[in-house]
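One file, query.cif, is given below (mmCIF, C-alpha atoms).
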data_protein
loop_
_atom_site.label_atom_id
_atom_site.label_comp_id
_atom_site.auth_asym_id
_atom_site.auth_seq_id
_atom_site.Cartn_x
_atom_site.Cartn_y
_atom_site.Cartn_z
CA MET Y 3 0.00 0.00 0.00
CA ALA Y 4 3.02 2.22 0.24
CA GLY Y 5 2.77 2.81 -3.50
CA MET Y 6 -0.57 4.50 -2.97
CA ARG Y 7 0.92 7.02 -0.55
CA TYR Y 8 0.18 10.53 -1.68
CA SER Y 9 2.88 12.54 -3.31
CA LEU Y 10 1.92 16.12 -3.99
CA ASP Y 11 2.75 17.40 -7.46
CA ARG Y 12 5.31 19.82 -5.99
CA VAL Y 13 6.24 21.62 -9.21
CA GLY Y 14 2.63 22.02 -10.27
CA TYR Y 15 1.62 23.12 -6.80
CA ASP Y 16 4.28 25.81 -6.78
CA VAL Y 17 3.07 27.10 -10.15
CA LEU Y 18 -0.51 27.24 -8.87
CA ALA Y 19 0.43 28.80 -5.53
CA HIS Y 20 2.53 31.47 -7.23
CA ALA Y 21 -0.27 32.34 -9.71
CA LEU Y 22 -2.94 32.47 -6.99
CA HIS Y 23 -0.83 34.57 -4.64
CA ARG Y 24 -0.11 37.00 -7.46
CA CYS Y 25 -3.84 37.28 -8.22
CA GLY Y 26 -4.49 38.05 -4.56
CA ARG Y 27 -1.68 40.60 -4.32
CA GLU Y 28 -2.77 42.44 -7.47
CA GLU Y 29 -6.47 42.25 -6.52
CA PHE Y 30 -7.19 40.59 -9.85
CA SER Y 31 -10.78 40.16 -11.09
CA GLY Y 32 -11.47 37.46 -13.64
CA GLN Y 33 -10.58 33.82 -14.18
CA LEU Y 34 -7.46 31.87 -13.35
CA ARG Y 35 -7.57 28.85 -15.64
CA VAL Y 36 -5.53 25.92 -14.43
CA ALA Y 37 -4.36 23.49 -17.13
CA GLY Y 38 -3.77 19.98 -15.89
CA VAL Y 39 -5.52 16.83 -14.77
CA PRO Y 40 -8.26 17.45 -13.76
CA GLY Y 41 -7.44 21.17 -13.87
CA GLY Y 42 -10.14 23.76 -13.43
CA THR Y 43 -10.90 27.45 -13.09
CA PHE Y 44 -10.78 29.85 -10.16
CA HIS Y 45 -13.08 32.87 -10.34
CA LEU Y 46 -11.73 35.93 -8.58
CA ARG Y 47 -13.17 39.29 -7.62
CA ALA Y 48 -10.76 41.94 -6.33
CA GLY Y 49 -8.22 39.27 -5.42
CA LEU Y 50 -10.69 37.04 -3.55
CA VAL Y 51 -11.79 33.65 -4.86
CA VAL Y 52 -15.58 33.71 -5.22
CA GLY Y 53 -16.00 30.51 -7.20
CA ALA Y 54 -14.11 27.51 -8.54
CA GLU Y 55 -15.01 24.71 -10.90
CA SER Y 56 -13.16 21.59 -11.92
CA PRO Y 57 -13.95 18.42 -13.85
CA GLY Y 58 -12.59 16.70 -10.73
CA ALA Y 59 -15.33 17.86 -8.36
CA PRO Y 60 -19.12 18.16 -8.61
CA GLY Y 61 -20.37 21.73 -8.98
CA PRO Y 62 -23.36 23.21 -7.13
CA GLU Y 63 -25.83 22.10 -9.83
CA THR Y 64 -24.58 18.51 -9.73
CA LEU Y 65 -24.68 18.46 -5.93
CA LEU Y 66 -28.33 19.55 -5.97
CA LEU Y 67 -29.47 17.33 -8.83
CA ARG Y 68 -27.58 14.12 -8.13
CA SER Y 69 -28.34 14.17 -4.41
CA GLY Y 70 -32.03 14.27 -5.27
CA ARG Y 71 -32.67 17.61 -3.55
CA VAL Y 72 -33.93 18.99 -6.86
CA SER Y 73 -35.26 16.84 -9.70
CA GLY Y 74 -34.20 17.32 -13.32
CA GLU Y 75 -37.69 18.51 -14.25
CA GLN Y 76 -37.80 21.03 -11.40
CA TRP Y 77 -34.38 22.34 -12.40
CA ALA Y 78 -35.38 22.68 -16.04
CA GLU Y 79 -38.54 24.55 -15.05
CA VAL Y 80 -36.68 26.98 -12.79
CA VAL Y 81 -34.02 27.59 -15.45
CA ARG Y 82 -36.79 28.32 -17.98
CA GLU Y 83 -38.47 30.77 -15.61
CA SER Y 84 -35.13 32.45 -14.89
CA GLY Y 85 -34.54 33.13 -18.57
CA GLY Y 86 -31.93 30.41 -19.02
CA ALA Y 87 -29.74 31.32 -16.03
CA ARG Y 88 -27.02 28.77 -15.30
CA TRP Y 89 -27.47 29.15 -11.55
CA PRO Y 90 -31.14 30.06 -10.93
CA ALA Y 91 -30.79 30.67 -7.18
CA THR Y 92 -33.71 33.09 -6.93
CA GLY Y 93 -36.06 30.69 -8.69
CA LEU Y 94 -34.94 27.73 -6.55
CA ILE Y 95 -35.68 29.72 -3.38
CA ALA Y 96 -38.97 31.15 -4.69
CA ARG Y 97 -40.24 27.71 -5.62
CA GLY Y 98 -39.18 26.28 -2.27
CA HIS Y 99 -36.73 23.77 -3.74
CA ALA Y 100 -33.91 25.06 -1.53
CA GLY Y 101 -33.31 27.69 1.10
CA ALA Y 102 -31.00 30.66 0.64
CA ALA Y 103 -28.65 29.41 3.37
CA GLN Y 104 -28.65 25.92 1.84
CA LEU Y 105 -27.61 27.30 -1.54
CA ARG Y 106 -24.85 29.37 0.07
CA VAL Y 107 -23.53 26.27 1.83
CA VAL Y 108 -23.64 24.26 -1.42
CA CYS Y 109 -21.66 26.99 -3.23
CA VAL Y 110 -19.01 27.18 -0.47
CA MET Y 111 -18.71 23.37 -0.42
CA ALA Y 112 -18.33 23.23 -4.19
CA LEU Y 113 -15.69 25.97 -4.11
CA HIS Y 114 -13.51 24.18 -1.56
CA ASP Y 115 -14.07 20.82 -3.20
CA ALA Y 116 -12.98 22.11 -6.60
CA ALA Y 117 -9.86 23.67 -5.05
CA PHE Y 118 -9.07 20.32 -3.41
CA ALA Y 119 -9.53 18.44 -6.69
CA ILE Y 120 -7.26 20.86 -8.58
CA VAL Y 121 -4.51 20.69 -5.94
CA ALA Y 122 -4.80 16.90 -5.60
CA GLY Y 123 -4.27 16.46 -9.35
CA ARG Y 124 -1.48 17.58 -11.65
CA VAL Y 125 -1.02 21.22 -12.62
CA HIS Y 126 0.65 21.98 -15.94
CA GLY Y 127 0.21 25.73 -16.03
CA CYS Y 128 -1.98 28.71 -15.17
CA GLU Y 129 -3.46 31.42 -17.35
CA ARG Y 130 -5.30 34.56 -16.36
CA VAL Y 131 -8.41 35.66 -18.28
CA ALA Y 132 -9.87 39.04 -17.42
CA GLY Y 133 -13.63 39.60 -17.20
CA ALA Y 134 -15.94 36.56 -17.46
CA GLU Y 135 -18.29 36.77 -14.48
CA PRO Y 136 -18.87 33.39 -12.76
CA PHE Y 137 -22.41 32.03 -12.40
CA ALA Y 138 -22.41 30.46 -8.92
CA THR Y 139 -20.44 32.46 -6.43
CA VAL Y 140 -20.06 32.76 -2.69
CA ALA Y 141 -21.05 36.07 -1.08
CA VAL Y 142 -17.79 36.47 0.82
CA GLY Y 143 -14.75 35.42 -1.18
CA GLU Y 144 -11.89 33.36 0.20
CA THR Y 145 -8.37 34.70 0.21
CA CYS Y 146 -6.09 32.75 -2.10
CA VAL Y 147 -3.78 31.86 0.77
CA ARG Y 148 -6.56 30.43 2.93
CA LEU Y 149 -8.08 28.45 0.06
CA LEU Y 150 -4.74 26.84 -0.78
CA GLN Y 151 -4.05 26.13 2.90
CA ASP Y 152 -7.42 24.44 3.22
CA ALA Y 153 -6.81 22.29 0.12
CA THR Y 154 -3.34 21.20 1.29
CA ARG Y 155 -4.66 20.53 4.80
CA ARG Y 156 -7.26 18.20 3.31
CA LEU Y 157 -4.62 16.46 1.22
CA ALA Y 158 -2.42 16.02 4.28
CA ALA Y 159 -5.37 14.63 6.28
CA LEU Y 160 -6.06 12.14 3.50
CA ALA Y 161 -2.41 11.08 3.38
CA THR Y 162 -2.42 10.22 7.09
CA LEU Y 163 -5.16 7.59 6.64
CA PRO Y 164 -4.00 3.95 6.70
CA HIS Y 165 -5.18 3.38 3.09
CA PRO Y 166 -4.97 6.76 1.35
CA LEU Y 167 -6.70 7.01 -1.98
CA ARG Y 168 -6.31 9.43 -4.86
CA PRO Y 169 -9.59 10.94 -6.06
CA ASP Y 170 -8.98 10.17 -9.73
CA ARG Y 171 -6.80 7.07 -9.73
CA GLU Y 172 -7.82 3.92 -7.85
CA ARG Y 173 -11.01 2.10 -8.86
CA PRO Y 174 -12.03 -0.10 -5.91
CA THR Y 175 -14.50 -3.00 -5.83
CA PRO Y 176 -16.52 -4.37 -2.89
CA ALA Y 177 -14.47 -6.97 -1.01
CA PRO Y 178 -16.03 -10.40 -1.61
CA GLY Y 179 -17.44 -12.39 1.30
CA VAL Y 180 -17.34 -9.61 3.85
CA ASP Y 181 -20.32 -8.89 6.08
CA PRO Y 182 -20.49 -5.11 5.95
CA GLY Y 183 -22.60 -4.81 9.12
CA PRO Y 184 -24.40 -1.54 9.78
CA LEU Y 185 -23.49 1.09 7.21
CA SER Y 186 -24.12 4.81 6.88
CA PRO Y 187 -26.19 5.90 3.86
CA LEU Y 188 -23.03 7.15 2.12
CA GLN Y 189 -21.16 3.90 2.79
CA ARG Y 190 -24.13 1.91 1.48
CA ALA Y 191 -24.26 4.04 -1.67
CA LEU Y 192 -20.51 3.69 -2.25
CA LEU Y 193 -20.61 -0.06 -1.69
CA ASP Y 194 -23.48 -0.36 -4.18
CA GLN Y 195 -21.81 1.82 -6.80
CA ALA Y 196 -18.17 0.71 -6.55
CA ASP Y 197 -17.68 -1.52 -9.60
CA GLY Y 198 -13.94 -1.56 -10.21
CA ARG Y 199 -14.42 0.99 -13.01
CA SER Y 200 -15.13 4.12 -10.99
CA THR Y 201 -12.79 6.39 -9.08
CA ALA Y 202 -13.73 8.30 -5.92
CA ARG Y 203 -14.27 11.31 -8.18
CA ASP Y 204 -16.70 9.33 -10.39
CA LEU Y 205 -18.64 8.13 -7.35
CA ALA Y 206 -18.77 11.67 -5.95
CA PHE Y 207 -20.55 12.78 -9.13
CA ARG Y 208 -22.85 9.77 -9.11
CA THR Y 209 -23.89 10.18 -5.48
CA GLY Y 210 -23.98 14.00 -5.48
CA ARG Y 211 -21.42 14.32 -2.66
CA GLY Y 212 -18.19 16.24 -2.36
CA VAL Y 213 -15.15 14.52 -3.85
CA TYR Y 214 -13.15 15.01 -0.63
CA THR Y 215 -15.93 13.46 1.46
CA VAL Y 216 -16.21 10.47 -0.85
CA THR Y 217 -12.43 10.00 -1.12
CA VAL Y 218 -12.02 9.97 2.68
CA GLU Y 219 -14.97 7.62 3.12
CA MET Y 220 -13.62 5.21 0.51
CA ALA Y 221 -10.18 5.30 2.13
CA ARG Y 222 -11.82 4.35 5.44
CA MET Y 223 -13.79 1.57 3.75
CA LEU Y 224 -10.54 0.25 2.23
CA ALA Y 225 -9.01 0.23 5.71
CA ASP Y 226 -12.07 -1.57 7.12
CA GLY Y 227 -11.84 -4.21 4.40
CA LEU Y 228 -15.21 -3.28 2.85
CA LEU Y 229 -13.54 -2.26 -0.41
CA GLU Y 230 -10.42 -3.48 -2.14
CA CYS Y 231 -8.32 -2.26 -5.05
CA PRO Y 232 -8.08 -4.98 -7.73
CA GLU Y 233 -4.64 -5.75 -9.09
CA ALA Y 234 -5.75 -5.67 -12.73
CA PRO Y 235 -8.34 -3.39 -14.31
CA VAL Y 236 -11.74 -4.75 -15.30
CA PRO Y 237 -11.24 -6.49 -18.70
CA ILE Y 238 -12.76 -4.92 -21.80
CA PRO Y 239 -14.52 -7.52 -23.96
CA VAL Y 240 -13.39 -7.19 -27.58
CA ARG Y 241 -15.14 -9.03 -30.39
CA PRO Y 242 -13.41 -8.83 -33.77
CA PRO Y 243 -15.56 -8.75 -36.89
CA PRO Y 244 -16.81 -12.28 -37.70
CA ASP Y 245 -15.33 -12.45 -41.22
CA GLY Y 246 -11.77 -12.54 -39.86
CA GLN Y 247 -10.82 -9.33 -41.62
CA GLY Y 248 -10.55 -5.82 -40.31
CA VAL Y 249 -13.54 -3.56 -40.38
CA ARG Y 250 -14.22 -2.70 -43.99
CA GLN Y 251 -15.73 0.32 -45.55
CA ARG Y 252 -19.47 0.11 -45.87
CA LYS Y 253 -20.52 0.35 -49.49
CA PRO Y 254 -23.94 1.84 -50.15
CA ALA Y 255 -26.18 -0.79 -51.71
CA PRO Y 256 -27.90 0.00 -55.02
CA ALA Y 257 -31.42 1.29 -54.58
CA ALA Y 258 -33.02 -1.81 -56.13
CA SER Y 259 -31.28 -4.35 -53.93
CA ARG Y 260 -31.67 -2.25 -50.79
CA ALA Y 261 -35.40 -2.86 -50.63
CA ALA Y 262 -34.92 -6.62 -50.95
CA ALA Y 263 -32.19 -6.86 -48.30
CA PRO Y 264 -33.22 -8.92 -45.25
CA PRO Y 265 -33.54 -7.00 -41.97
CA VAL Y 266 -30.57 -7.37 -39.60
CA SER Y 267 -30.92 -6.89 -35.87
CA ALA Y 268 -29.12 -3.92 -34.30
CA VAL Y 269 -28.75 -2.33 -37.70
CA PRO Y 270 -30.66 0.88 -38.23
CA PRO Y 271 -33.02 0.82 -41.19
CA ALA Y 272 -31.40 2.08 -44.36
CA ALA Y 273 -32.28 5.69 -44.92
CA PRO Y 274 -34.07 6.40 -48.21
CA ASP Y 275 -32.21 8.39 -50.81
CA GLU Y 276 -34.84 11.06 -50.73
CA LEU Y 277 -37.27 12.07 -48.06
CA PRO Y 278 -40.91 11.30 -49.00
CA ARG Y 279 -42.48 14.28 -50.68
CA ARG Y 280 -45.63 15.52 -49.03
CA ARG Y 281 -48.72 15.62 -51.25
CA PRO Y 282 -50.95 18.67 -50.84
CA GLY Y 283 -54.17 17.74 -49.07
CA ALA Y 284 -52.90 14.37 -47.85
CA SER Y 285 -53.84 15.07 -44.24
CA GLY Y 286 -57.42 16.19 -45.07
CA ILE Y 287 -57.09 19.21 -42.79
CA ALA Y 288 -57.94 21.59 -45.64
CA GLU Y 289 -61.32 19.90 -46.16
CA ALA Y 290 -62.03 19.87 -42.43
CA LEU Y 291 -61.42 23.59 -42.08
CA ALA Y 292 -63.01 24.66 -45.35
CA PRO Y 293 -66.25 26.66 -45.11
CA GLU Y 294 -69.43 24.92 -46.04
CA ARG Y 295 -70.20 25.21 -49.72
CA THR Y 296 -73.93 25.16 -49.18
CA GLY Y 297 -74.31 28.19 -46.92
CA ALA Y 298 -72.66 31.36 -45.69
CA SER Y 299 -70.09 30.76 -43.00
CA TRP Y 300 -71.54 33.29 -40.52
CA LYS Y 301 -74.94 31.73 -40.94
CA GLY Y 302 -73.53 28.36 -40.11
CA PHE Y 303 -71.77 29.78 -37.11
CA PHE Y 304 -74.95 31.21 -35.61
CA ARG Y 305 -76.78 27.98 -36.32
CA LEU Y 306 -74.11 26.12 -34.43
CA ARG Y 307 -74.18 28.61 -31.55
CA ASN Y 308 -77.94 28.64 -31.13
CA GLY Y 309 -78.38 24.95 -31.76
CA ALA Y 310 -80.87 25.62 -34.54
CA PRO Y 311 -81.51 22.83 -37.04
CA LYS Y 312 -80.24 23.27 -40.61
CA MET C 6 -6.92 -6.64 -35.35
CA ASP C 7 -4.91 -6.18 -32.16
CA ARG C 8 -7.52 -6.58 -29.43
CA GLU C 9 -5.14 -5.60 -26.67
CA ALA C 10 -4.16 -2.38 -28.44
CA LEU C 11 -7.83 -1.48 -28.90
CA ALA C 12 -8.58 -2.08 -25.21
CA LEU C 13 -5.53 0.00 -24.26
CA GLU C 14 -6.71 2.89 -26.43
CA MET C 15 -10.17 2.82 -24.85
CA ARG C 16 -8.79 2.58 -21.35
CA GLY C 17 -6.16 5.25 -22.09
CA LEU C 18 -8.78 7.75 -23.26
CA ARG C 19 -10.76 7.16 -20.08
CA GLU C 20 -7.66 7.76 -17.96
CA GLN C 21 -6.71 10.85 -19.95
CA VAL C 22 -10.02 12.73 -19.88
CA THR C 23 -11.59 13.29 -16.50
CA GLY C 24 -15.27 12.45 -16.44
CA ILE C 25 -15.45 9.69 -19.06
CA THR C 26 -17.59 6.92 -17.61
CA ASP C 27 -18.04 4.54 -20.56
CA THR C 28 -16.64 3.92 -24.03
CA ALA C 29 -17.58 1.59 -26.87
CA VAL C 30 -16.32 0.89 -30.39
CA ALA C 31 -18.58 -0.52 -33.09
CA ALA C 32 -18.61 -1.05 -36.82
CA ALA C 33 -20.32 1.69 -38.82
CA ASP C 34 -23.42 -0.51 -39.19
CA GLY C 35 -23.80 -0.73 -35.41
CA LEU C 36 -22.23 -4.14 -34.81
CA LEU C 37 -20.48 -3.94 -31.44
CA ILE C 38 -16.73 -4.58 -31.39
CA ALA C 39 -15.65 -3.58 -27.88
CA ALA C 40 -17.37 -2.11 -24.85
CA ASP C 41 -16.08 -0.64 -21.62
CA THR C 42 -19.48 0.16 -20.18
CA ALA C 43 -21.26 -0.03 -16.84
CA ASP C 44 -23.67 -2.92 -16.20
CA SER C 45 -26.59 -0.50 -16.43
CA ILE C 46 -25.88 0.14 -20.14
CA ASP C 47 -26.73 -2.32 -22.92
CA PRO C 48 -23.66 -1.99 -25.18
CA GLU C 49 -25.33 -3.66 -28.20
CA GLY C 50 -28.22 -1.23 -28.08
CA LEU C 51 -25.85 1.68 -27.53
CA ALA C 52 -23.83 0.71 -30.62
CA ALA C 53 -27.00 0.53 -32.72
CA LEU C 54 -28.15 3.92 -31.41
CA ALA C 55 -24.76 5.44 -32.19
CA ALA C 56 -24.81 4.09 -35.75
CA ALA C 57 -28.30 5.47 -36.31
CA GLY C 58 -27.42 8.79 -34.67
CA LEU C 59 -24.26 9.26 -36.71
CA GLY C 60 -26.11 8.30 -39.91
CA LEU C 61 -28.78 10.88 -39.21
CA ALA C 62 -26.20 13.51 -38.31
CA ARG C 63 -24.22 12.81 -41.47
CA ARG C 64 -27.32 13.28 -43.60
CA THR C 65 -28.21 16.45 -41.70
CA VAL C 66 -24.74 17.88 -42.29
CA GLY C 67 -25.08 17.03 -45.98
CA ALA C 68 -28.58 18.45 -46.30
CA THR C 69 -27.53 21.71 -44.67
CA ALA C 70 -24.17 21.97 -46.46
CA ARG C 71 -22.23 22.07 -43.17
CA GLY C 72 -19.17 20.27 -44.54
CA THR C 73 -17.77 17.08 -43.02
CA LEU C 74 -19.41 15.58 -39.96
CA ARG C 75 -17.14 15.76 -36.94
CA ARG C 76 -19.23 14.29 -34.13
CA THR C 77 -22.57 14.35 -32.42
CA VAL C 78 -22.99 15.15 -28.75
CA THR C 79 -26.22 14.56 -26.83
CA TYR C 80 -26.54 16.39 -23.54
CA GLY C 81 -28.61 15.31 -20.56
CA SER C 82 -28.89 16.63 -17.03
CA HIS C 83 -26.47 13.95 -15.83
CA GLY C 84 -23.87 14.22 -18.56
CA CYS C 85 -23.50 13.63 -22.26
CA ALA C 86 -22.89 11.01 -24.94
CA ALA C 87 -20.55 11.76 -27.84
CA PHE C 88 -20.53 9.72 -31.06
CA TYR C 89 -17.45 9.88 -33.29
CA ALA C 90 -16.93 8.38 -36.71
CA VAL C 91 -13.76 6.25 -36.89
CA GLY C 92 -12.76 6.69 -40.50
CA ASP C 93 -15.49 5.40 -42.82
CA THR C 94 -15.73 2.02 -41.20
CA ALA C 95 -16.46 2.30 -37.53
CA LEU C 96 -17.58 4.54 -34.72
CA MET C 97 -16.71 5.29 -31.14
CA VAL C 98 -19.06 6.19 -28.31
CA VAL C 99 -17.85 8.17 -25.31
CA ILE C 100 -20.16 8.76 -22.36
CA GLY C 101 -19.28 11.22 -19.63
CA ASP C 102 -20.78 12.75 -16.53
CA GLU C 103 -21.52 16.42 -15.85
CA GLY C 104 -17.90 17.14 -15.01
CA MET C 105 -16.44 15.99 -18.31
CA ASP C 106 -14.65 18.73 -20.22
CA VAL C 107 -16.21 18.17 -23.64
CA ASP C 108 -13.72 20.41 -25.46
CA GLY C 109 -10.90 18.51 -23.78
CA LEU C 110 -12.51 15.27 -24.90
CA HIS C 111 -12.62 16.42 -28.53
CA ARG C 112 -8.93 17.37 -28.39
CA ALA C 113 -7.89 14.10 -26.77
CA SER C 114 -10.11 11.88 -28.88
CA GLN C 115 -8.77 12.87 -32.30
CA PRO C 116 -5.37 11.12 -32.03
CA ALA C 117 -7.07 8.14 -30.37
CA LEU C 118 -9.58 7.91 -33.24
CA ASP C 119 -6.76 7.80 -35.78
CA ARG C 120 -5.00 5.03 -33.88
CA ILE C 121 -8.23 3.05 -33.42
CA ASP C 122 -8.88 3.34 -37.15
CA THR C 123 -5.45 1.83 -37.82
CA ILE C 124 -6.06 -0.97 -35.30
CA LEU C 125 -9.48 -1.82 -36.76
CA SER C 126 -8.19 -1.85 -40.31
CA ALA C 127 -5.70 -4.62 -39.54
CA PRO C 128 -6.75 -8.30 -40.09
CA ALA C 129 -8.60 -9.81 -37.12
CA GLU C 130 -7.35 -12.51 -34.76
CA LYS C 131 -9.37 -15.64 -34.28
CA ALA C 132 -10.54 -15.73 -30.66
CA ALA C 133 -12.48 -13.04 -28.83
CA GLU C 134 -12.02 -12.41 -25.17
CA GLY C 135 -11.73 -9.69 -22.55
CA VAL C 136 -8.49 -7.72 -22.49
#
I need this file expressed as structure tokens, please.
Amino acid sequence: MAGMRYSLDRVGYDVLAHALHRCGREEFSGQLRVAGVPGGTFHLRAGLVVGAESPGAPGPETLLLRSGRVSGEQWAEVVRESGGARWPATGLIARGHAGAAQLRVVCVMALHDAAFAIVAGRVHGCERVAGAEPFATVAVGETCVRLLQDATRRLAALATLPHPLRPDRERPTPAPGVDPGPLSPLQRALLDQADGRSTARDLAFRTGRGVYTVTVEMARMLADGLLECPEAPVPIPVRPPPDGQGVRQRKPAPAASRAAAPPVSAVPPAAPDELPRRRPGASGIAEALAPERTGASWKGFFRLRNGAPK
Amino acid sequence: MDREALALEMRGLREQVTGITDTAVAAADGLLIAADTADSIDPEGLAALAAAGLGLARRTVGATARGTLRRTVTYGSHGCAAFYAVGDTALMVVIGDEGMDVDGLHRASQPALDRIDTILSAPAEKAAEGV
């Protein structure tokens, strides 16, 4: 297990720390884009970090939707009412889907989680982009120093666990033949979802929890013997084409033979060369809406209204 | 066809791009060749859907004079599914969650598509098994 021990990407971390400290010193407003794996973006206002997003950590929307606090339909409705806003906080509160304090907490959690994911990964470089207002921000920004300290403190805490785990590397499976005993809802969800193909980061997205929370919980479950890291990755079944040759170019069949070709399962029906041309009057709607030939239309209308016989 | 090389390419793409959850490679007519998918996904059906989707997209691009089809991406509230043509003979499906950087995926997938095309064009081995 010593091979799994955390080693901070020292060079990348120094690049990130230098760029963030400079943003804070110069009271920069805009984006600090971090290239790397998973990388991400810090949103700053007057040198304070007011938002962060990373492919390595679920954002506020994912936390709300995947945790089941807000359904996909409710979210779509609120976004529609808010004129297509990416973070429709006012609508969510007005409709009673979430409280204002709850949304603030979700945004703060997502900010710190994204910072953790960026620091825990590899940083290749940083680039500043001025302008570009973020869509989900915290009311009181974090200083760059404190945000970095918090992320490194979390990394250090993770590294002290008996079975540390990297958020985007190991893909554990449930340990066979182990009686799990009483489990917390998160542990139950992780045990159900761990399939040897998903990292802690993947399971954080799937369960709608913070990536740090899920990584720590999975590390504990590894230590308790509930999960294990398989030696070899899950095999990928490969089935070569049955004719023994490589995949060949599909030749379009002539129009005459195409109609006579037998249907093959899992093959989409061959598209016709031309779309069918619509014939005027085919639907019959013109006849249905046409005024009566035998009488004036207004006359007919009043007959209909008064229930008078023709 | 080098089955191990194909599996390595699929696994490599998943390792390279954060957020990829599933990948599959199929012949252009929708016949499944390889699948790295979760149990909840029917890979045969997915391959058929991808073939139909790419066919429709290719015709749409032609009908609207938009040049050469590059890919189709379908977005849902829990992520997206991207269908890529692999040369003229095959296709690749990449499914990702909400966190997947789709632009990053397009950049990373292009070299992988070229290599997969080369792998698929080579004569096949006899047995089929997991790699």
Task: Ground truth for the PyMOL selection byres ((chain Y and resi 181) around 12), written as a PyMOL selection string - done: chain Y and resi 176-180+182-185+193+226-229
Could those selected residues go to a file with C-alpha atoms, as a short mmCIF file (atom, residue, chain, number, x, y, z; two decimals), in the coordinates of the input?
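See out_21.cif below for the written result:
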data_model
loop_
_atom_site.label_atom_id
_atom_site.label_comp_id
_atom_site.auth_asym_id
_atom_site.auth_seq_id
_atom_site.Cartn_x
_atom_site.Cartn_y
_atom_site.Cartn_z
CA PRO Y 176 -16.52 -4.37 -2.89
CA ALA Y 177 -14.47 -6.97 -1.01
CA PRO Y 178 -16.03 -10.40 -1.61
CA GLY Y 179 -17.44 -12.39 1.30
CA VAL Y 180 -17.34 -9.61 3.85
CA PRO Y 182 -20.49 -5.11 5.95
CA GLY Y 183 -22.60 -4.81 9.12
CA PRO Y 184 -24.40 -1.54 9.78
CA LEU Y 185 -23.49 1.09 7.21
CA LEU Y 193 -20.61 -0.06 -1.69
CA ASP Y 226 -12.07 -1.57 7.12
CA GLY Y 227 -11.84 -4.21 4.40
CA LEU Y 228 -15.21 -3.28 2.85
CA LEU Y 229 -13.54 -2.26 -0.41
#
- [ ] Kindly give the distance, in Å, that separates CA of Leu149 in chain Y and CA of Glu219 in chain Y, rounded to a single decimal.
- [x]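 Separation between CA of Leu149 in chain Y and CA of Glu219 in chain Y: 22.2 Å.
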What are the residues of chain C lining chain Y at 9 Å or less? Count all atoms listed in the file, and put the answer as a short mmCIF file (atom, residue, chain, number, x, y, z; two decimals) with C-alpha atoms, in the frame of the given file.
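Output saved as out.cif:
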data_model
loop_
_atom_site.label_atom_id
_atom_site.label_comp_id
_atom_site.auth_asym_id
_atom_site.auth_seq_id
_atom_site.Cartn_x
_atom_site.Cartn_y
_atom_site.Cartn_z
CA MET C 6 -6.92 -6.64 -35.35
CA ARG C 8 -7.52 -6.58 -29.43
CA GLU C 9 -5.14 -5.60 -26.67
CA LEU C 11 -7.83 -1.48 -28.90
CA ALA C 12 -8.58 -2.08 -25.21
CA MET C 15 -10.17 2.82 -24.85
CA ARG C 16 -8.79 2.58 -21.35
CA GLU C 20 -7.66 7.76 -17.96
CA GLN C 21 -6.71 10.85 -19.95
CA VAL C 22 -10.02 12.73 -19.88
CA THR C 23 -11.59 13.29 -16.50
CA GLY C 24 -15.27 12.45 -16.44
CA ILE C 25 -15.45 9.69 -19.06
CA THR C 26 -17.59 6.92 -17.61
CA ALA C 32 -18.61 -1.05 -36.82
CA ALA C 33 -20.32 1.69 -38.82
CA ASP C 34 -23.42 -0.51 -39.19
CA GLY C 35 -23.80 -0.73 -35.41
CA LEU C 36 -22.23 -4.14 -34.81
CA LEU C 37 -20.48 -3.94 -31.44
CA ILE C 38 -16.73 -4.58 -31.39
CA ALA C 39 -15.65 -3.58 -27.88
CA ALA C 40 -17.37 -2.11 -24.85
CA ASP C 41 -16.08 -0.64 -21.62
CA THR C 42 -19.48 0.16 -20.18
CA ALA C 43 -21.26 -0.03 -16.84
CA GLU C 49 -25.33 -3.66 -28.20
CA GLY C 50 -28.22 -1.23 -28.08
CA ALA C 52 -23.83 0.71 -30.62
CA ALA C 53 -27.00 0.53 -32.72
CA LEU C 54 -28.15 3.92 -31.41
CA ALA C 56 -24.81 4.09 -35.75
CA ALA C 57 -28.30 5.47 -36.31
CA GLY C 60 -26.11 8.30 -39.91
CA LEU C 61 -28.78 10.88 -39.21
CA SER C 82 -28.89 16.63 -17.03
CA HIS C 83 -26.47 13.95 -15.83
CA GLY C 92 -12.76 6.69 -40.50
CA ASP C 93 -15.49 5.40 -42.82
CA THR C 94 -15.73 2.02 -41.20
CA ALA C 95 -16.46 2.30 -37.53
CA ASP C 102 -20.78 12.75 -16.53
CA GLU C 103 -21.52 16.42 -15.85
CA GLY C 104 -17.90 17.14 -15.01
CA MET C 105 -16.44 15.99 -18.31
CA ASP C 106 -14.65 18.73 -20.22
CA ASP C 122 -8.88 3.34 -37.15
CA ILE C 124 -6.06 -0.97 -35.30
CA LEU C 125 -9.48 -1.82 -36.76
CA SER C 126 -8.19 -1.85 -40.31
CA ALA C 127 -5.70 -4.62 -39.54
CA PRO C 128 -6.75 -8.30 -40.09
CA ALA C 129 -8.60 -9.81 -37.12
CA GLU C 130 -7.35 -12.51 -34.76
CA LYS C 131 -9.37 -15.64 -34.28
CA ALA C 132 -10.54 -15.73 -30.66
CA ALA C 133 -12.48 -13.04 -28.83
CA GLU C 134 -12.02 -12.41 -25.17
CA GLY C 135 -11.73 -9.69 -22.55
CA VAL C 136 -8.49 -7.72 -22.49
#
TODO: For each of C:Ile46, C:Val107, C:Leu51, C:Ala90, take the minimum atom-to-atom distance to Val78 in chain C, counting all atoms listed in the file, then give the residue where this is smallest.
DONE: C:Val107
